[in-house]
Amino acid sequence: ELYRDGITDYSKVTTFNLDEYCALPEDNDQSYHYFMREHLFAHINVPAENIHIPSGCAQDVETECRNYDAAIAAAGGIDIQVLGIGSNGHIGFNEPADAFIGSTHLVKLKDSTIKANARFFQSEADVPRQAISMGIGSIMAAKKILLIAHGANKAKAIAATLEGPITPEVPASILQLHPDVVMLIDREAAAGLAEYKPEAL
C-alpha cells in the first residue's frame with residue numbers, strides 16, 4: 001500500500017527496521033533485508049544510504065547494536081514506528097522477560113516465537129534462535145506509534161497490552177505509557193477486550 005499510488009516521493013525518507021535474525025545472510029529469502037528489499041524498497045525511491053537494518057551477521061554484535069542506536073539518534077529519532085505484536089506480546093523481538101531492555105540488543109527467541117515463525121521456513125529447525133532487536137527505549141522514544149494486529153491468535157496479547165498491568169512479561173504493555181499510539185486491530189484480535197462490544201458496531 002505504501003507504493004500503490006505510484007506518486008509518493010520517498011527521496012527524503014529515512015527508515016529503521018525493528019530487527020533482524022542472526023546468522024541469516026542478507027540475500028536469504030527469510031531475512032528482513034530480503035523481505036524489505038523485495039516488498040518495499042525496490043518499489044520506492046528511498047535512497048539506499050537512508051535504509052537501516054541491523055546486520056544479523058555482524059562479527060561484533062555489541063558494536064553493531066551500539067552503532068544502530070547511534071544512527072537512530074543521529075537521524076533525530078523516529079517519527080512514526082510501525083509495530084506488529086507477537087502472540088506472547090512481543091514487539092520487535094523484545095520477548096517476555098524480567099525487565100525492559102532499552103537499547104538495541106541481542107535476543108534469544110522464545111519457543112513460542114520460533115514456533116510462530118516456523119511457517120516461513122522449511123522446518124522449525126531452520127528458524128534462527130537469536131535476533132538483533134531495537135530496544136523498548138528506542139520504540140518508546142518514537143513520536144507516534146502505529147500497531148497493527150489481526151487474527152484470533154493475537155486476542156490474548158492485545159487484551160494484556162491494553163487492559164493488563166505494565167510488565168516486561170508482556171512487552172507491548174509498555175505502550176500504555178506512550179502519549180501517541182494508534183492501534184488498528186480486527187474483530188478477532190479485539191475479541192478478548194473487556195470493553196469490546198461487537199454487537200454495537
# chains A, B, ... in the order shown; residues from 1 in each chain; ligands from 1

call {"tool": "residues_around", "arguments": {"residues": "stretch 26-33 of chain A", "least_positions_apart": "5", "cutoff": "8 Å", "atoms": "only C-alpha atoms", "output": "VMD selection string"}}
result
chain A and resid 19 to 21 53 120 to 121

call {"tool": "residues_around", "arguments": {"residues": "stretch 84-99 of chain A", "least_positions_apart": "6", "cutoff": "7 Å", "atoms": "only C-alpha atoms", "output": "PyMOL selection string"}}
result
chain A and resi 18-19+107+109-110+133-135+147-149+153-154+157+168-172

call {"tool": "closest_residue", "arguments": {"among": "A:Leu24, A:Ile185, A:Ala125, A:Val13", "to": "A:Ala48", "atoms": "only C-alpha atoms"}}
result
A:Val13

call {"tool": "residues_around", "arguments": {"residues": "stretch 177-180 of chain A", "least_positions_apart": "2", "cutoff": "9 Å", "atoms": "only C-alpha atoms", "output": "count of residues only"}}
result
12

call {"tool": "closest_residue", "arguments": {"among": "A:Ser11, A:Ser123, A:His150, A:Ser138", "to": "A:Tyr68", "atoms": "only C-alpha atoms"}}
result
A:Ser138

call {"tool": "residues_around", "arguments": {"residues": "A:Asp60", "least_positions_apart": "6", "cutoff": "12 Å", "atoms": "only C-alpha atoms", "output": "ChimeraX atom specification"}}
result
/A:22,54,66-67,105-106,132

call {"tool": "write_last_selection", "arguments": {"atoms": "all heavy atoms", "output": "PDB file, in the first residue's frame"}}
result
ATOM      1  N   CYS A  22      19.643 -13.394  13.466  1.00  0.00           N
ATOM      2  CA  CYS A  22      21.084 -13.639  13.467  1.00  0.00           C
ATOM      3  C   CYS A  22      21.415 -14.802  12.549  1.00  0.00           C
ATOM      4  O   CYS A  22      20.638 -15.759  12.425  1.00  0.00           O
ATOM      5  CB  CYS A  22      21.574 -13.943  14.883  1.00  0.00           C
ATOM      6  SG  CYS A  22      21.626 -12.494  15.944  1.00  0.00           S
ATOM      7  N   PRO A  54      19.464  -3.769  11.062  1.00  0.00           N
ATOM      8  CA  PRO A  54      20.593  -4.381  11.786  1.00  0.00           C
ATOM      9  C   PRO A  54      21.194  -5.538  10.991  1.00  0.00           C
ATOM     10  O   PRO A  54      20.476  -6.247  10.277  1.00  0.00           O
ATOM     11  CB  PRO A  54      19.956  -4.891  13.086  1.00  0.00           C
ATOM     12  CG  PRO A  54      18.668  -4.169  13.210  1.00  0.00           C
ATOM     13  CD  PRO A  54      18.208  -3.865  11.817  1.00  0.00           C
ATOM     14  N   ARG A  66      25.293  -0.888  19.312  1.00  0.00           N
ATOM     15  CA  ARG A  66      25.614   0.493  19.688  1.00  0.00           C
ATOM     16  C   ARG A  66      25.542   1.415  18.479  1.00  0.00           C
ATOM     17  O   ARG A  66      25.003   2.525  18.559  1.00  0.00           O
ATOM     18  CB  ARG A  66      27.001   0.570  20.319  1.00  0.00           C
ATOM     19  CG  ARG A  66      27.083   0.052  21.739  1.00  0.00           C
ATOM     20  CD  ARG A  66      28.354   0.514  22.433  1.00  0.00           C
ATOM     21  NE  ARG A  66      29.548   0.091  21.715  1.00  0.00           N
ATOM     22  CZ  ARG A  66      30.183  -1.055  21.938  1.00  0.00           C
ATOM     23  NH1 ARG A  66      29.720  -1.911  22.845  1.00  0.00           N
ATOM     24  NH2 ARG A  66      31.267  -1.371  21.250  1.00  0.00           N
ATOM     25  N   ASN A  67      26.071   0.956  17.355  1.00  0.00           N
ATOM     26  CA  ASN A  67      26.067   1.776  16.143  1.00  0.00           C
ATOM     27  C   ASN A  67      24.647   2.006  15.634  1.00  0.00           C
ATOM     28  O   ASN A  67      24.337   3.070  15.083  1.00  0.00           O
ATOM     29  CB  ASN A  67      26.910   1.119  15.055  1.00  0.00           C
ATOM     30  CG  ASN A  67      28.398   1.173  15.347  1.00  0.00           C
ATOM     31  OD1 ASN A  67      28.846   1.922  16.220  1.00  0.00           O
ATOM     32  ND2 ASN A  67      29.177   0.371  14.639  1.00  0.00           N
ATOM     33  N   HIS A 105      19.683  -4.727  21.075  1.00  0.00           N
ATOM     34  CA  HIS A 105      20.353  -5.807  21.795  1.00  0.00           C
ATOM     35  C   HIS A 105      20.154  -7.155  21.110  1.00  0.00           C
ATOM     36  O   HIS A 105      19.289  -7.304  20.239  1.00  0.00           O
ATOM     37  CB  HIS A 105      19.834  -5.885  23.234  1.00  0.00           C
ATOM     38  CG  HIS A 105      18.351  -6.105  23.317  1.00  0.00           C
ATOM     39  ND1 HIS A 105      17.430  -5.113  23.042  1.00  0.00           N
ATOM     40  CD2 HIS A 105      17.623  -7.205  23.644  1.00  0.00           C
ATOM     41  CE1 HIS A 105      16.199  -5.591  23.184  1.00  0.00           C
ATOM     42  NE2 HIS A 105      16.284  -6.853  23.537  1.00  0.00           N
ATOM     43  N   LEU A 106      20.952  -8.118  21.542  1.00  0.00           N
ATOM     44  CA  LEU A 106      20.834  -9.492  21.077  1.00  0.00           C
ATOM     45  C   LEU A 106      19.748 -10.183  21.883  1.00  0.00           C
ATOM     46  O   LEU A 106      19.702 -10.066  23.109  1.00  0.00           O
ATOM     47  CB  LEU A 106      22.170 -10.220  21.255  1.00  0.00           C
ATOM     48  CG  LEU A 106      22.223 -11.684  20.802  1.00  0.00           C
ATOM     49  CD1 LEU A 106      22.079 -11.791  19.293  1.00  0.00           C
ATOM     50  CD2 LEU A 106      23.535 -12.322  21.266  1.00  0.00           C
ATOM     51  N   ILE A 132      18.712  -9.671  16.450  1.00  0.00           N
ATOM     52  CA  ILE A 132      19.031  -8.345  16.963  1.00  0.00           C
ATOM     53  C   ILE A 132      17.751  -7.531  16.904  1.00  0.00           C
ATOM     54  O   ILE A 132      17.064  -7.513  15.880  1.00  0.00           O
ATOM     55  CB  ILE A 132      20.136  -7.673  16.133  1.00  0.00           C
ATOM     56  CG1 ILE A 132      21.455  -8.418  16.307  1.00  0.00           C
ATOM     57  CG2 ILE A 132      20.306  -6.213  16.526  1.00  0.00           C
ATOM     58  CD1 ILE A 132      22.578  -7.892  15.437  1.00  0.00           C
TER      59      ILE A 132
END

call {"tool": "select_by_dssp", "arguments": {"residues": "stretch 87-138 of chain A", "states": "helix (DSSP H, G or I)", "output": "number ranges by chain"}}
result
A: 111-120, 124-126, 136-138

call {"tool": "atom_distance", "arguments": {"atom1": "atom CA of A:Ala160", "atom2": "atom CA of A:Asn17"}}
result
24.9 Å

call {"tool": "closest_residue", "arguments": {"among": "A:Lys156, A:Arg4, A:Arg129, A:Lys12", "to": "A:Pro47", "atoms": "only C-alpha atoms"}}
result
A:Lys12

call {"tool": "select_by_dssp", "arguments": {"residues": "stretch 79-126 of chain A", "states": "strand (DSSP E or B)", "output": "VMD selection string"}}
result
chain A and resid 80 to 83 91 94 105 to 108

call {"tool": "write_last_selection", "arguments": {"atoms": "all heavy atoms", "output": "CSV table (one decimal), in the first residue's frame"}}
result
chain,number,residue,atom,x,y,z
A,80,ILE,N,7.6,8.0,13.1
A,80,ILE,CA,6.5,7.0,13.3
A,80,ILE,C,7.0,5.6,13.3
A,80,ILE,O,7.8,5.2,12.4
A,80,ILE,CB,5.4,7.2,12.2
A,80,ILE,CG1,4.3,6.2,12.4
A,80,ILE,CG2,6.0,7.1,10.8
A,80,ILE,CD1,3.0,6.5,11.6
A,81,GLN,N,6.7,4.9,14.3
A,81,GLN,CA,7.2,3.5,14.5
A,81,GLN,C,6.0,2.6,14.2
A,81,GLN,O,5.0,2.6,14.9
A,81,GLN,CB,7.7,3.3,15.9
A,81,GLN,CG,8.1,1.9,16.2
A,81,GLN,CD,9.4,1.6,15.4
A,81,GLN,OE1,10.5,2.1,15.7
A,81,GLN,NE2,9.3,0.7,14.5
A,82,VAL,N,6.1,1.7,13.2
A,82,VAL,CA,5.1,0.7,12.9
A,82,VAL,C,5.4,-0.6,13.6
A,82,VAL,O,6.6,-1.1,13.4
A,82,VAL,CB,5.0,0.5,11.4
A,82,VAL,CG1,3.9,-0.5,11.0
A,82,VAL,CG2,4.7,1.9,10.7
A,83,LEU,N,4.5,-1.1,14.3
A,83,LEU,CA,4.7,-2.3,15.1
A,83,LEU,C,3.7,-3.4,14.7
A,83,LEU,O,2.5,-3.1,14.4
A,83,LEU,CB,4.6,-2.1,16.6
A,83,LEU,CG,5.5,-1.1,17.2
A,83,LEU,CD1,5.1,-0.9,18.7
A,83,LEU,CD2,7.0,-1.6,17.1
A,91,ILE,N,7.1,-7.0,21.0
A,91,ILE,CA,7.1,-6.0,19.9
A,91,ILE,C,8.6,-5.9,19.5
A,91,ILE,O,9.5,-5.9,20.3
A,91,ILE,CB,6.6,-4.6,20.4
A,91,ILE,CG1,7.2,-4.2,21.7
A,91,ILE,CG2,5.1,-4.7,20.4
A,91,ILE,CD1,6.7,-2.9,22.2
A,94,ASN,N,11.5,-8.0,21.1
A,94,ASN,CA,11.6,-7.8,22.6
A,94,ASN,C,10.7,-8.8,23.2
A,94,ASN,O,9.5,-8.6,23.3
A,94,ASN,CB,11.2,-6.4,23.0
A,94,ASN,CG,12.2,-5.4,22.5
A,94,ASN,OD1,13.3,-5.2,23.1
A,94,ASN,ND2,11.9,-4.7,21.4
A,105,HIS,N,19.7,-4.7,21.1
A,105,HIS,CA,20.4,-5.8,21.8
A,105,HIS,C,20.2,-7.2,21.1
A,105,HIS,O,19.3,-7.3,20.2
A,105,HIS,CB,19.8,-5.9,23.2
A,105,HIS,CG,18.4,-6.1,23.3
A,105,HIS,ND1,17.4,-5.1,23.0
A,105,HIS,CD2,17.6,-7.2,23.6
A,105,HIS,CE1,16.2,-5.6,23.2
A,105,HIS,NE2,16.3,-6.9,23.5
A,106,LEU,N,21.0,-8.1,21.5
A,106,LEU,CA,20.8,-9.5,21.1
A,106,LEU,C,19.7,-10.2,21.9
A,106,LEU,O,19.7,-10.1,23.1
A,106,LEU,CB,22.2,-10.2,21.3
A,106,LEU,CG,22.2,-11.7,20.8
A,106,LEU,CD1,22.1,-11.8,19.3
A,106,LEU,CD2,23.5,-12.3,21.3
A,107,VAL,N,18.9,-10.9,21.2
A,107,VAL,CA,17.7,-11.6,21.8
A,107,VAL,C,17.8,-13.1,21.6
A,107,VAL,O,18.0,-13.5,20.4
A,107,VAL,CB,16.4,-11.0,21.3
A,107,VAL,CG1,15.2,-11.7,21.9
A,107,VAL,CG2,16.3,-9.5,21.5
A,108,LYS,N,17.5,-13.8,22.6
A,108,LYS,CA,17.3,-15.3,22.4
A,108,LYS,C,15.8,-15.4,22.3
A,108,LYS,O,15.0,-15.1,23.2
A,108,LYS,CB,17.8,-16.1,23.6
A,108,LYS,CG,17.6,-17.6,23.5
A,108,LYS,CD,18.1,-18.3,24.7
A,108,LYS,CE,17.8,-19.8,24.6
A,108,LYS,NZ,18.3,-20.6,25.8

call {"tool": "closest_residue", "arguments": {"among": "A:Leu162, A:Ile44, A:Cys65, A:Met36", "to": "A:Leu193", "atoms": "only C-alpha atoms"}}
result
A:Leu162

call {"tool": "residues_around", "arguments": {"residues": "A:Phe16", "least_positions_apart": "4", "cutoff": "8 Å", "atoms": "only C-alpha atoms", "output": "PyMOL selection string"}}
result
chain A and resi 51-53+72

call {"tool": "atom_distance", "arguments": {"atom1": "atom CA of A:Pro128", "atom2": "atom CA of A:Gly56"}}
result
10.2 Å

call {"tool": "residues_around", "arguments": {"residues": "A:Ile7", "least_positions_apart": "5", "cutoff": "12 Å", "atoms": "only C-alpha atoms", "output": "tab-separated table (two decimals) with N, CA and C atoms, in the first residue's frame"}}
result
chain	number	residue	atom	x	y	z
A	1	GLU	N	0.82	-1.21	0.00
A	1	GLU	CA	0.00	0.00	0.00
A	1	GLU	C	0.86	1.27	0.00
A	2	LEU	N	2.06	1.19	0.54
A	2	LEU	CA	2.92	2.38	0.61
A	2	LEU	C	3.39	2.84	-0.76
A	43	HIS	N	10.55	-0.79	-4.79
A	43	HIS	CA	9.41	-0.14	-5.46
A	43	HIS	C	9.30	1.36	-5.16
A	44	ILE	N	10.16	1.87	-4.30
A	44	ILE	CA	10.09	3.29	-3.95
A	44	ILE	C	11.47	3.93	-4.12
A	45	ASN	N	11.48	5.26	-4.13
A	45	ASN	CA	12.73	5.98	-4.42
A	45	ASN	C	13.46	6.42	-3.15
